[in-house]
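Remarks on the structure that follows.
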Amino acid sequence: MVPDMSLNVEAANDMLGPAGDDSVRPFAVEALDVRGRAIQMGPALDAIIARHDYPPPVSRLLAEAIVLAVLLGSSLKFNGRFTLQTETDGPVDMLVVDYRTSGDIRAYARFDRERVAAATGETGVPGALLGVGTLAMTIDQGPATSRYQGVVPLEGGSLEDVAHTYFRQSEQIPTRVRLAVAEMHAREGGAIRHSWRAGGLLVQFLPDAPERVKQRDLPGGDAPEGAYVEDADEDDSWVEAQALAGTVQDDELTDPALPVESLLYRLFNERGVRVFRAAEVRDQCSCSREKVVGVLGTFTAAEIAESTENGAISVTCEFCGKKYGFDPAEFTPSDAPPPAA
Ligand SMILES: [Zn+2]
């Protein structure tokens with residue numbers, strides 16, 4: 001097998017088998033000029049969510065953010081890190097998901113437990129949890145390169161909504177995203193085992209002929225500076241692709257008995273859908289003792305003193321919960337004022 005092999009879905013199922021849980025499956029529907037990725041997440045997602053043990057509405061929101069980050073980050077063609085981060089005024093005021101192109105993911109949420117309980121008592125709608133603020137997507141290829149950051153407003157909508165806004169405003173790529181999360185209850189022996197699953201589908205209109213992406217007015221055209229013309233919605237292929245993607249139900253995205261290849265076949269078989277080699281994702285934090293030492297090494301004496309409790313410094317990784325302990329004497333902060341010029 002060659003690394004970039006592509007197969008139609010039936011051949012792929014014969015030769016590669018289904019991607020299975022926690023693997024992103026890229027696909028293309030050439031007849032519609034559509035490309036995309038699909039994933040079902042199981043054990044890797046459940047490990048992250050279960051470790052945090054957040055209230056269920058927060059877990060659900062974080063799971064959506066993880067799937068979105070994986071769908072977006074897995075398109076990157078270089079080694080690096082994709083970070084999705086919300087900062088809002090809602091009961092969940094921050095979500096952070098790191099996706100490394102190696103497939104490592106980590107994530108955490110910051111929230112106010114009482115506000116979450118108050119906000120989800122009746123509806124449990126994620127938009128009500130996020131509130132108003134921003135979603136930032138940062139691409140980091142390492143210290144030698146400049147970082148890319150795209151920021152879009154979050155205005156009380158869902159993460160799906162904000163992804164659509166991002167692609168419309170920043171990328172000008174017609175995009176549809178579907179995200180779904182499910183709590184599973186399986187009987188194991190005499191006990192009921194609870195676990196989290198999630199699924200996602202990303203569909204993008206990427207015609208070879210650039211004139212078919214009629215998103216932007218001509219320079220000096222009638223549209224005001226920075227505006228765009230949403231003519232892609234009138235392109236027959238994109239209209240059809242969106243209509244097909246729109247038929248996907250939440251339970252199809254998370255059904256362990258429905259591999260993503262089968263879903264793609266159901267959606268696009270009439271047009272011919274090809275799939276590409278899947279990429280695995282895993283629950284893996286990138287924290288280390290060395291990195292924490294690096295951060296503490298920048299602290300002033302006052303900050304070191306402030307961080308010391310009962311003669312020790314204890315640092316807990318917000319992503320994975322790992323605890324690192326230090327003797328404050330390890331750090332000899334140099335906070336002497338700089339010599340006068
Ligand atoms: Zn960690």
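Every chain in the structure tokens takes a letter, A first, then B, and so on in the order presented; its residues are numbered from 1, and the ligands are numbered from 1 following the presented order.
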
Proximity check chain A to ligand 1, 7 Å, nearest pairs one decimal Å, only C-alpha atoms and all ligand atoms, as a Markdown table:
| residue | atom | partner | partner_atom_place_in_ligand_line | distance |
| --- | --- | --- | --- | --- |
| A:Cys285 | CA | ligand 1 | 1 (Zn) | 4.6 |
| A:Ser286 | CA | ligand 1 | 1 (Zn) | 5.9 |
| A:Cys287 | CA | ligand 1 | 1 (Zn) | 4.2 |
| A:Cys317 | CA | ligand 1 | 1 (Zn) | 4.6 |
| A:Glu318 | CA | ligand 1 | 1 (Zn) | 6.6 |
| A:Phe319 | CA | ligand 1 | 1 (Zn) | 5.0 |
| A:Cys320 | CA | ligand 1 | 1 (Zn) | 4.1 |
| A:Gly321 | CA | ligand 1 | 1 (Zn) | 6.1 |
| A:Lys322 | CA | ligand 1 | 1 (Zn) | 5.6 |

So that I can see what lies close to A:Leu201, please list as a VMD selection string the residues with an atom at most 6 Å from it, counting only C-alpha atoms and leaving out residues fewer than 3 positions away in the same chain. chain A and resid 37 to 38 177 to 178

Restricting it to N, CA, C and O atoms, dump the selection as a CSV table (one decimal), in the first residue's frame.
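Generated output (again10.csv):
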chain,number,residue,atom,x,y,z
A,37,ARG,N,-13.8,15.4,6.0
A,37,ARG,CA,-13.3,14.4,6.9
A,37,ARG,C,-14.4,14.0,7.8
A,37,ARG,O,-15.3,14.8,8.1
A,38,ALA,N,-14.3,12.8,8.3
A,38,ALA,CA,-15.4,12.3,9.2
A,38,ALA,C,-14.7,11.5,10.3
A,38,ALA,O,-13.6,10.9,10.1
A,177,VAL,N,-20.3,21.9,8.9
A,177,VAL,CA,-19.7,21.0,10.0
A,177,VAL,C,-20.9,20.4,10.8
A,177,VAL,O,-21.9,21.2,11.1
A,178,ARG,N,-20.8,19.2,11.1
A,178,ARG,CA,-21.8,18.5,12.0
A,178,ARG,C,-21.0,17.9,13.1
A,178,ARG,O,-20.0,17.3,13.0

Would you kindly return, as a short mmCIF file (atom, residue, chain, number, x, y, z; two decimals) with all heavy atoms, in the first residue's frame, each protein, DNA or RNA residue with an atom no farther than 12 Å from any atom of stretch 108-114 of chain A, considering only C-alpha atoms and excluding same-chain residues fewer than 4 positions away?
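Writing done, so here's around28.cif:
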data_model
loop_
_atom_site.label_atom_id
_atom_site.label_comp_id
_atom_site.auth_asym_id
_atom_site.auth_seq_id
_atom_site.Cartn_x
_atom_site.Cartn_y
_atom_site.Cartn_z
N LEU A 45 -11.73 9.81 23.46
CA LEU A 45 -12.57 10.89 23.96
C LEU A 45 -13.05 10.58 25.37
O LEU A 45 -13.00 11.43 26.27
CB LEU A 45 -13.79 11.07 23.03
CG LEU A 45 -14.75 12.15 23.50
CD1 LEU A 45 -14.38 13.49 22.88
CD2 LEU A 45 -16.19 11.80 23.19
N ILE A 48 -10.49 11.26 28.11
CA ILE A 48 -10.29 12.68 28.45
C ILE A 48 -11.47 13.19 29.28
O ILE A 48 -11.29 13.82 30.33
CB ILE A 48 -10.16 13.52 27.16
CG1 ILE A 48 -8.89 13.13 26.40
CG2 ILE A 48 -10.16 15.01 27.48
CD1 ILE A 48 -8.78 13.74 25.01
N ILE A 49 -12.68 12.90 28.81
CA ILE A 49 -13.87 13.42 29.46
C ILE A 49 -14.03 12.81 30.86
O ILE A 49 -14.34 13.52 31.83
CB ILE A 49 -15.12 13.13 28.60
CG1 ILE A 49 -15.00 13.78 27.22
CG2 ILE A 49 -16.39 13.58 29.31
CD1 ILE A 49 -14.98 15.27 27.21
N ALA A 50 -13.83 11.51 30.96
CA ALA A 50 -14.02 10.83 32.24
C ALA A 50 -13.00 11.31 33.28
O ALA A 50 -13.32 11.48 34.45
CB ALA A 50 -13.92 9.32 32.05
N ARG A 51 -11.77 11.57 32.83
CA ARG A 51 -10.72 12.01 33.76
C ARG A 51 -11.09 13.36 34.38
O ARG A 51 -10.91 13.59 35.57
CB ARG A 51 -9.39 12.12 33.00
CG ARG A 51 -8.19 12.42 33.89
CD ARG A 51 -6.93 12.60 33.07
NE ARG A 51 -6.63 11.44 32.25
CZ ARG A 51 -6.51 11.46 30.91
NH1 ARG A 51 -6.65 12.59 30.25
NH2 ARG A 51 -6.22 10.37 30.25
N HIS A 52 -11.64 14.25 33.57
CA HIS A 52 -12.01 15.57 34.10
C HIS A 52 -13.21 15.49 35.04
O HIS A 52 -13.30 16.24 36.00
CB HIS A 52 -12.33 16.53 32.95
CG HIS A 52 -11.12 17.05 32.23
ND1 HIS A 52 -10.10 17.68 32.88
CD2 HIS A 52 -10.79 17.04 30.92
CE1 HIS A 52 -9.18 18.05 32.00
NE2 HIS A 52 -9.57 17.67 30.80
N ASP A 53 -14.14 14.61 34.71
CA ASP A 53 -15.34 14.46 35.54
C ASP A 53 -16.08 15.78 35.72
O ASP A 53 -16.48 16.15 36.83
CB ASP A 53 -14.95 13.85 36.90
CG ASP A 53 -16.17 13.28 37.62
OD1 ASP A 53 -17.18 13.00 36.93
OD2 ASP A 53 -16.13 13.15 38.86
N TYR A 54 -16.28 16.52 34.63
CA TYR A 54 -17.05 17.76 34.66
C TYR A 54 -18.54 17.42 34.73
O TYR A 54 -18.95 16.31 34.43
CB TYR A 54 -16.81 18.57 33.38
CG TYR A 54 -15.39 19.04 33.15
CD1 TYR A 54 -14.88 19.09 31.86
CD2 TYR A 54 -14.58 19.46 34.20
CE1 TYR A 54 -13.59 19.56 31.62
CE2 TYR A 54 -13.29 19.92 33.96
CZ TYR A 54 -12.80 19.96 32.67
OH TYR A 54 -11.54 20.43 32.43
N PRO A 55 -19.38 18.41 35.04
CA PRO A 55 -20.83 18.18 34.91
C PRO A 55 -21.15 17.80 33.46
O PRO A 55 -20.52 18.30 32.53
CB PRO A 55 -21.44 19.55 35.25
CG PRO A 55 -20.38 20.28 36.00
CD PRO A 55 -19.06 19.77 35.51
N PRO A 56 -22.14 16.90 33.26
CA PRO A 56 -22.41 16.39 31.90
C PRO A 56 -22.56 17.46 30.82
O PRO A 56 -22.02 17.28 29.72
CB PRO A 56 -23.69 15.57 32.08
CG PRO A 56 -23.61 15.10 33.50
CD PRO A 56 -22.96 16.21 34.27
N PRO A 57 -23.26 18.60 31.07
CA PRO A 57 -23.37 19.58 29.97
C PRO A 57 -22.02 20.15 29.56
O PRO A 57 -21.79 20.46 28.39
CB PRO A 57 -24.27 20.68 30.56
CG PRO A 57 -24.98 20.03 31.70
CD PRO A 57 -24.04 19.01 32.26
N VAL A 58 -21.09 20.28 30.52
CA VAL A 58 -19.75 20.78 30.21
C VAL A 58 -18.97 19.71 29.44
O VAL A 58 -18.27 20.01 28.47
CB VAL A 58 -19.00 21.18 31.51
CG1 VAL A 58 -17.61 21.70 31.18
CG2 VAL A 58 -19.79 22.23 32.28
N SER A 59 -19.12 18.46 29.86
CA SER A 59 -18.46 17.35 29.17
C SER A 59 -18.89 17.30 27.71
O SER A 59 -18.09 17.11 26.80
CB SER A 59 -18.82 16.02 29.83
OG SER A 59 -18.34 15.98 31.15
N ARG A 60 -20.18 17.49 27.52
CA ARG A 60 -20.75 17.44 26.17
C ARG A 60 -20.15 18.55 25.29
O ARG A 60 -19.76 18.32 24.15
CB ARG A 60 -22.28 17.62 26.31
CG ARG A 60 -23.11 17.28 25.14
CD ARG A 60 -24.57 17.24 25.56
NE ARG A 60 -24.94 15.94 26.09
CZ ARG A 60 -25.34 14.91 25.32
NH1 ARG A 60 -25.40 15.05 24.01
NH2 ARG A 60 -25.65 13.75 25.86
N LEU A 61 -20.07 19.73 25.85
CA LEU A 61 -19.52 20.87 25.12
C LEU A 61 -18.04 20.65 24.80
O LEU A 61 -17.59 20.91 23.68
CB LEU A 61 -19.72 22.12 25.98
CG LEU A 61 -19.58 23.48 25.32
CD1 LEU A 61 -20.51 23.62 24.13
CD2 LEU A 61 -19.86 24.57 26.35
N LEU A 62 -17.29 20.15 25.78
CA LEU A 62 -15.87 19.91 25.55
C LEU A 62 -15.69 18.82 24.49
O LEU A 62 -14.80 18.91 23.65
CB LEU A 62 -15.17 19.52 26.86
CG LEU A 62 -13.65 19.41 26.75
CD1 LEU A 62 -13.01 20.75 26.37
CD2 LEU A 62 -13.03 18.90 28.06
N ALA A 63 -16.55 17.81 24.52
CA ALA A 63 -16.46 16.74 23.52
C ALA A 63 -16.68 17.30 22.11
O ALA A 63 -15.98 16.95 21.17
CB ALA A 63 -17.48 15.64 23.82
N GLU A 64 -17.65 18.21 21.99
CA GLU A 64 -17.89 18.86 20.68
C GLU A 64 -16.65 19.62 20.24
O GLU A 64 -16.27 19.57 19.07
CB GLU A 64 -19.05 19.85 20.78
CG GLU A 64 -20.42 19.24 20.65
CD GLU A 64 -21.51 20.33 20.51
OE1 GLU A 64 -21.15 21.51 20.30
OE2 GLU A 64 -22.68 19.97 20.63
N ALA A 65 -16.05 20.34 21.18
CA ALA A 65 -14.86 21.14 20.85
C ALA A 65 -13.71 20.23 20.41
O ALA A 65 -12.95 20.55 19.50
CB ALA A 65 -14.45 21.99 22.05
N ILE A 66 -13.59 19.08 21.06
CA ILE A 66 -12.52 18.12 20.71
C ILE A 66 -12.73 17.63 19.27
O ILE A 66 -11.80 17.62 18.46
CB ILE A 66 -12.49 16.94 21.71
CG1 ILE A 66 -11.98 17.43 23.07
CG2 ILE A 66 -11.63 15.80 21.17
CD1 ILE A 66 -12.13 16.40 24.19
N THR A 83 -4.56 24.74 18.00
CA THR A 83 -5.26 24.98 19.25
C THR A 83 -6.56 25.70 19.00
O THR A 83 -6.59 26.71 18.30
CB THR A 83 -4.39 25.82 20.22
OG1 THR A 83 -3.15 25.14 20.41
CG2 THR A 83 -5.08 25.99 21.57
N LEU A 84 -7.61 25.15 19.55
CA LEU A 84 -8.93 25.79 19.49
C LEU A 84 -9.25 26.27 20.89
O LEU A 84 -9.16 25.49 21.85
CB LEU A 84 -9.94 24.75 19.00
CG LEU A 84 -11.38 25.18 18.75
CD1 LEU A 84 -11.97 24.29 17.65
CD2 LEU A 84 -12.21 25.03 20.01
N GLN A 85 -9.59 27.55 21.02
CA GLN A 85 -9.82 28.09 22.35
C GLN A 85 -10.97 29.09 22.33
O GLN A 85 -10.98 30.02 21.54
CB GLN A 85 -8.55 28.78 22.87
CG GLN A 85 -8.75 29.41 24.24
CD GLN A 85 -7.43 29.79 24.90
OE1 GLN A 85 -6.36 29.40 24.43
NE2 GLN A 85 -7.50 30.54 25.97
N THR A 86 -11.93 28.88 23.23
CA THR A 86 -13.01 29.85 23.38
C THR A 86 -12.74 30.69 24.62
O THR A 86 -12.19 30.21 25.61
CB THR A 86 -14.38 29.18 23.57
OG1 THR A 86 -14.37 28.43 24.80
CG2 THR A 86 -14.72 28.24 22.42
N GLU A 87 -13.12 31.95 24.55
CA GLU A 87 -13.11 32.82 25.72
C GLU A 87 -14.40 33.61 25.69
O GLU A 87 -14.59 34.45 24.80
CB GLU A 87 -11.90 33.76 25.71
CG GLU A 87 -10.62 33.06 26.12
CD GLU A 87 -9.46 34.04 26.32
OE1 GLU A 87 -9.52 34.81 27.30
OE2 GLU A 87 -8.55 34.02 25.49
N THR A 88 -15.29 33.31 26.62
CA THR A 88 -16.63 33.88 26.57
C THR A 88 -17.08 34.30 27.97
O THR A 88 -16.41 34.03 28.97
CB THR A 88 -17.62 32.83 26.02
OG1 THR A 88 -17.45 31.61 26.73
CG2 THR A 88 -17.38 32.57 24.54
N ASP A 89 -18.27 34.93 28.02
CA ASP A 89 -18.77 35.40 29.32
C ASP A 89 -19.80 34.44 29.92
O ASP A 89 -20.45 34.76 30.90
CB ASP A 89 -19.37 36.80 29.16
CG ASP A 89 -20.59 36.81 28.22
OD1 ASP A 89 -20.98 35.73 27.74
OD2 ASP A 89 -21.13 37.90 27.97
N GLY A 90 -19.96 33.26 29.33
CA GLY A 90 -20.98 32.32 29.79
C GLY A 90 -20.54 31.48 30.97
O GLY A 90 -19.42 31.64 31.49
N PRO A 91 -21.39 30.57 31.42
CA PRO A 91 -21.04 29.69 32.53
C PRO A 91 -19.78 28.86 32.26
O PRO A 91 -19.03 28.55 33.17
CB PRO A 91 -22.27 28.78 32.64
CG PRO A 91 -23.40 29.58 32.07
CD PRO A 91 -22.79 30.41 30.98
N VAL A 92 -19.55 28.48 30.98
CA VAL A 92 -18.28 27.84 30.58
C VAL A 92 -17.48 28.93 29.88
O VAL A 92 -17.70 29.24 28.72
CB VAL A 92 -18.52 26.65 29.62
CG1 VAL A 92 -17.19 26.02 29.22
CG2 VAL A 92 -19.42 25.61 30.29
N ASP A 93 -16.54 29.54 30.63
CA ASP A 93 -15.91 30.73 30.05
C ASP A 93 -14.66 30.42 29.25
O ASP A 93 -14.11 31.29 28.59
CB ASP A 93 -15.64 31.80 31.13
CG ASP A 93 -14.60 31.35 32.15
OD1 ASP A 93 -14.28 30.15 32.18
OD2 ASP A 93 -14.12 32.20 32.91
N MET A 94 -14.21 29.15 29.29
CA MET A 94 -13.07 28.80 28.45
C MET A 94 -13.08 27.32 28.10
O MET A 94 -13.33 26.46 28.96
CB MET A 94 -11.75 29.15 29.16
CG MET A 94 -10.53 28.98 28.27
SD MET A 94 -8.97 29.28 29.15
CE MET A 94 -8.97 31.05 29.26
N LEU A 95 -12.81 27.05 26.83
CA LEU A 95 -12.57 25.68 26.37
C LEU A 95 -11.23 25.72 25.64
O LEU A 95 -11.00 26.63 24.85
CB LEU A 95 -13.63 25.22 25.37
CG LEU A 95 -15.08 25.07 25.81
CD1 LEU A 95 -15.97 24.88 24.58
CD2 LEU A 95 -15.24 23.88 26.75
N VAL A 96 -10.37 24.75 25.91
CA VAL A 96 -9.10 24.69 25.19
C VAL A 96 -8.90 23.26 24.69
O VAL A 96 -9.01 22.30 25.46
CB VAL A 96 -7.89 25.06 26.08
CG1 VAL A 96 -6.62 25.15 25.24
CG2 VAL A 96 -8.13 26.36 26.82
N VAL A 97 -8.64 23.13 23.40
CA VAL A 97 -8.29 21.83 22.83
C VAL A 97 -7.00 21.99 22.04
O VAL A 97 -6.90 22.87 21.20
CB VAL A 97 -9.38 21.28 21.88
CG1 VAL A 97 -9.02 19.86 21.44
CG2 VAL A 97 -10.75 21.30 22.54
N ASP A 98 -6.04 21.14 22.34
CA ASP A 98 -4.77 21.08 21.60
C ASP A 98 -4.79 19.82 20.75
O ASP A 98 -5.02 18.73 21.26
CB ASP A 98 -3.61 20.91 22.59
CG ASP A 98 -2.93 22.20 22.91
OD1 ASP A 98 -3.31 23.24 22.35
OD2 ASP A 98 -2.01 22.17 23.74
N ALA A 118 -27.39 26.43 36.87
CA ALA A 118 -28.52 27.34 36.65
C ALA A 118 -28.88 27.42 35.17
O ALA A 118 -30.05 27.45 34.80
CB ALA A 118 -28.18 28.73 37.18
N ALA A 119 -27.86 27.40 34.31
CA ALA A 119 -28.10 27.60 32.87
C ALA A 119 -28.64 26.35 32.20
O ALA A 119 -29.32 26.44 31.18
CB ALA A 119 -26.81 28.03 32.18
N THR A 120 -28.35 25.19 32.73
CA THR A 120 -28.74 23.96 32.05
C THR A 120 -29.92 23.28 32.73
O THR A 120 -30.36 22.23 32.28
CB THR A 120 -27.57 22.96 31.97
OG1 THR A 120 -27.13 22.67 33.29
CG2 THR A 120 -26.43 23.53 31.15
N GLY A 121 -30.40 23.90 33.78
CA GLY A 121 -31.52 23.30 34.48
C GLY A 121 -32.68 22.97 33.57
O GLY A 121 -33.27 21.91 33.65
N LEU A 129 -24.42 27.93 27.41
CA LEU A 129 -23.27 27.73 28.29
C LEU A 129 -22.08 28.58 27.88
O LEU A 129 -21.32 29.04 28.71
CB LEU A 129 -22.84 26.26 28.29
CG LEU A 129 -23.75 25.29 29.03
CD1 LEU A 129 -23.16 23.89 28.94
CD2 LEU A 129 -23.90 25.70 30.48
N LEU A 130 -21.91 28.75 26.57
CA LEU A 130 -20.74 29.49 26.10
C LEU A 130 -20.91 30.99 26.29
O LEU A 130 -19.99 31.66 26.70
CB LEU A 130 -20.49 29.19 24.62
CG LEU A 130 -19.90 27.82 24.30
CD1 LEU A 130 -19.91 27.59 22.79
CD2 LEU A 130 -18.48 27.72 24.83
N GLY A 131 -22.08 31.49 25.94
CA GLY A 131 -22.28 32.92 26.01
C GLY A 131 -21.62 33.63 24.85
O GLY A 131 -21.43 33.07 23.78
N CYS A 285 -1.31 13.91 26.65
CA CYS A 285 -0.91 15.26 27.02
C CYS A 285 0.57 15.46 26.72
O CYS A 285 1.33 14.49 26.67
CB CYS A 285 -1.19 15.51 28.50
SG CYS A 285 -1.05 17.25 28.96
N CYS A 317 -1.31 19.88 36.07
CA CYS A 317 -1.60 20.15 34.66
C CYS A 317 -3.11 20.24 34.48
O CYS A 317 -3.84 19.32 34.84
CB CYS A 317 -1.03 19.04 33.77
SG CYS A 317 -1.48 19.25 32.04
N GLU A 318 -3.58 21.37 33.92
CA GLU A 318 -5.03 21.55 33.74
C GLU A 318 -5.59 20.60 32.70
O GLU A 318 -6.77 20.28 32.72
CB GLU A 318 -5.32 23.00 33.32
CG GLU A 318 -5.15 23.97 34.45
CD GLU A 318 -5.48 25.38 34.01
OE1 GLU A 318 -4.65 25.98 33.30
OE2 GLU A 318 -6.55 25.87 34.38
N PHE A 319 -4.74 20.18 31.76
CA PHE A 319 -5.23 19.29 30.70
C PHE A 319 -5.42 17.86 31.21
O PHE A 319 -6.46 17.26 30.97
CB PHE A 319 -4.24 19.28 29.53
CG PHE A 319 -4.27 20.53 28.69
CD1 PHE A 319 -3.35 21.54 28.89
CD2 PHE A 319 -5.22 20.68 27.69
CE1 PHE A 319 -3.37 22.68 28.12
CE2 PHE A 319 -5.25 21.82 26.91
CZ PHE A 319 -4.32 22.82 27.12
N CYS A 320 -4.40 17.32 31.87
CA CYS A 320 -4.46 15.88 32.17
C CYS A 320 -4.51 15.59 33.66
O CYS A 320 -4.64 14.43 34.06
CB CYS A 320 -3.28 15.15 31.53
SG CYS A 320 -1.69 15.52 32.31
N GLY A 321 -4.39 16.63 34.50
CA GLY A 321 -4.50 16.42 35.93
C GLY A 321 -3.24 15.91 36.59
O GLY A 321 -3.22 15.67 37.80
#

Which of stretch 99-198 of chain A DSSP labels helix (DSSP H, G or I), written as a VMD selection string: chain A and resid 113 to 120 126 to 130 159 to 171

Restrict the selected residues to N, CA, C and O atoms and save them as an mmCIF file, in the first residue's frame.
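Output saved as part10.cif:
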data_model
loop_
_atom_site.group_PDB
_atom_site.id
_atom_site.type_symbol
_atom_site.label_atom_id
_atom_site.label_comp_id
_atom_site.auth_asym_id
_atom_site.auth_seq_id
_atom_site.Cartn_x
_atom_site.Cartn_y
_atom_site.Cartn_z
ATOM 1 N N ARG A 113 -19.470 26.238 38.307
ATOM 2 C CA ARG A 113 -20.383 25.120 38.532
ATOM 3 C C ARG A 113 -21.819 25.580 38.800
ATOM 4 O O ARG A 113 -22.769 25.018 38.268
ATOM 5 N N GLU A 114 -21.956 26.620 39.591
ATOM 6 C CA GLU A 114 -23.315 27.095 39.915
ATOM 7 C C GLU A 114 -24.012 27.688 38.698
ATOM 8 O O GLU A 114 -25.201 27.448 38.473
ATOM 9 N N ARG A 115 -23.248 28.436 37.924
ATOM 10 C CA ARG A 115 -23.848 29.035 36.714
ATOM 11 C C ARG A 115 -24.210 27.952 35.706
ATOM 12 O O ARG A 115 -25.210 28.068 34.992
ATOM 13 N N VAL A 116 -23.378 26.913 35.608
ATOM 14 C CA VAL A 116 -23.690 25.806 34.689
ATOM 15 C C VAL A 116 -24.995 25.144 35.115
ATOM 16 O O VAL A 116 -25.888 24.912 34.298
ATOM 17 N N ALA A 117 -25.107 24.895 36.401
ATOM 18 C CA ALA A 117 -26.322 24.241 36.907
ATOM 19 C C ALA A 117 -27.549 25.109 36.641
ATOM 20 O O ALA A 117 -28.597 24.626 36.206
ATOM 21 N N ALA A 118 -27.392 26.430 36.869
ATOM 22 C CA ALA A 118 -28.518 27.336 36.649
ATOM 23 C C ALA A 118 -28.885 27.416 35.168
ATOM 24 O O ALA A 118 -30.055 27.446 34.798
ATOM 25 N N ALA A 119 -27.857 27.400 34.307
ATOM 26 C CA ALA A 119 -28.102 27.598 32.870
ATOM 27 C C ALA A 119 -28.644 26.349 32.202
ATOM 28 O O ALA A 119 -29.316 26.438 31.177
ATOM 29 N N THR A 120 -28.348 25.190 32.734
ATOM 30 C CA THR A 120 -28.744 23.958 32.047
ATOM 31 C C THR A 120 -29.921 23.283 32.727
ATOM 32 O O THR A 120 -30.356 22.228 32.282
ATOM 33 N N PRO A 126 -25.997 24.057 24.560
ATOM 34 C CA PRO A 126 -24.606 24.489 24.667
ATOM 35 C C PRO A 126 -24.419 25.982 24.451
ATOM 36 O O PRO A 126 -23.616 26.607 25.122
ATOM 37 N N GLY A 127 -25.137 26.581 23.546
ATOM 38 C CA GLY A 127 -24.965 28.003 23.280
ATOM 39 C C GLY A 127 -25.164 28.829 24.534
ATOM 40 O O GLY A 127 -24.465 29.795 24.775
ATOM 41 N N ALA A 128 -26.099 28.406 25.362
ATOM 42 C CA ALA A 128 -26.365 29.120 26.602
ATOM 43 C C ALA A 128 -25.202 28.972 27.572
ATOM 44 O O ALA A 128 -25.022 29.798 28.451
ATOM 45 N N LEU A 129 -24.416 27.929 27.413
ATOM 46 C CA LEU A 129 -23.266 27.733 28.295
ATOM 47 C C LEU A 129 -22.077 28.581 27.879
ATOM 48 O O LEU A 129 -21.318 29.042 28.706
ATOM 49 N N LEU A 130 -21.907 28.754 26.573
ATOM 50 C CA LEU A 130 -20.738 29.486 26.098
ATOM 51 C C LEU A 130 -20.912 30.990 26.287
ATOM 52 O O LEU A 130 -19.986 31.658 26.701
ATOM 53 N N LEU A 159 -20.948 25.591 18.617
ATOM 54 C CA LEU A 159 -19.625 25.480 18.001
ATOM 55 C C LEU A 159 -19.749 25.216 16.500
ATOM 56 O O LEU A 159 -18.910 25.661 15.727
ATOM 57 N N GLU A 160 -20.799 24.513 16.095
ATOM 58 C CA GLU A 160 -21.048 24.338 14.657
ATOM 59 C C GLU A 160 -21.231 25.695 13.993
ATOM 60 O O GLU A 160 -20.650 25.989 12.954
ATOM 61 N N ASP A 161 -22.059 26.539 14.613
ATOM 62 C CA ASP A 161 -22.327 27.870 14.050
ATOM 63 C C ASP A 161 -21.044 28.674 13.896
ATOM 64 O O ASP A 161 -20.812 29.314 12.870
ATOM 65 N N VAL A 162 -20.208 28.621 14.926
ATOM 66 C CA VAL A 162 -19.019 29.470 14.902
ATOM 67 C C VAL A 162 -18.014 28.934 13.880
ATOM 68 O O VAL A 162 -17.287 29.703 13.246
ATOM 69 N N ALA A 163 -18.003 27.635 13.658
ATOM 70 C CA ALA A 163 -17.129 27.075 12.622
ATOM 71 C C ALA A 163 -17.576 27.571 11.250
ATOM 72 O O ALA A 163 -16.751 27.939 10.410
ATOM 73 N N HIS A 164 -18.876 27.622 11.031
ATOM 74 C CA HIS A 164 -19.380 28.123 9.749
ATOM 75 C C HIS A 164 -19.002 29.588 9.565
ATOM 76 O O HIS A 164 -18.575 30.012 8.494
ATOM 77 N N THR A 165 -19.154 30.360 10.641
ATOM 78 C CA THR A 165 -18.780 31.775 10.584
ATOM 79 C C THR A 165 -17.309 31.921 10.236
ATOM 80 O O THR A 165 -16.927 32.742 9.399
ATOM 81 N N TYR A 166 -16.475 31.109 10.868
ATOM 82 C CA TYR A 166 -15.034 31.204 10.635
ATOM 83 C C TYR A 166 -14.707 30.970 9.162
ATOM 84 O O TYR A 166 -13.986 31.747 8.537
ATOM 85 N N PHE A 167 -15.256 29.890 8.616
ATOM 86 C CA PHE A 167 -14.898 29.567 7.237
ATOM 87 C C PHE A 167 -15.464 30.582 6.250
ATOM 88 O O PHE A 167 -14.886 30.841 5.210
ATOM 89 N N ARG A 168 -16.603 31.163 6.604
ATOM 90 C CA ARG A 168 -17.189 32.156 5.714
ATOM 91 C C ARG A 168 -16.372 33.447 5.759
ATOM 92 O O ARG A 168 -16.050 34.029 4.741
ATOM 93 N N GLN A 169 -15.985 33.858 6.963
ATOM 94 C CA GLN A 169 -15.330 35.158 7.112
ATOM 95 C C GLN A 169 -13.834 35.113 6.851
ATOM 96 O O GLN A 169 -13.292 35.980 6.198
ATOM 97 N N SER A 170 -13.168 34.089 7.398
ATOM 98 C CA SER A 170 -11.714 34.106 7.356
ATOM 99 C C SER A 170 -11.163 33.328 6.175
ATOM 100 O O SER A 170 -10.163 33.708 5.594
ATOM 101 N N GLU A 171 -11.776 32.250 5.839
ATOM 102 C CA GLU A 171 -11.207 31.373 4.827
ATOM 103 C C GLU A 171 -11.923 31.476 3.491
ATOM 104 O O GLU A 171 -11.418 31.028 2.478
#

May I ask which of the residues A:Val281, A:Ala312, A:Ala301, A:Leu202 is the closest one to A:Arg100, counting only C-alpha atoms?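 Checking each of A:Val281, A:Ala312, A:Ala301, A:Leu202 against A:Arg100, counting only C-alpha atoms, the winner is A:Val281.
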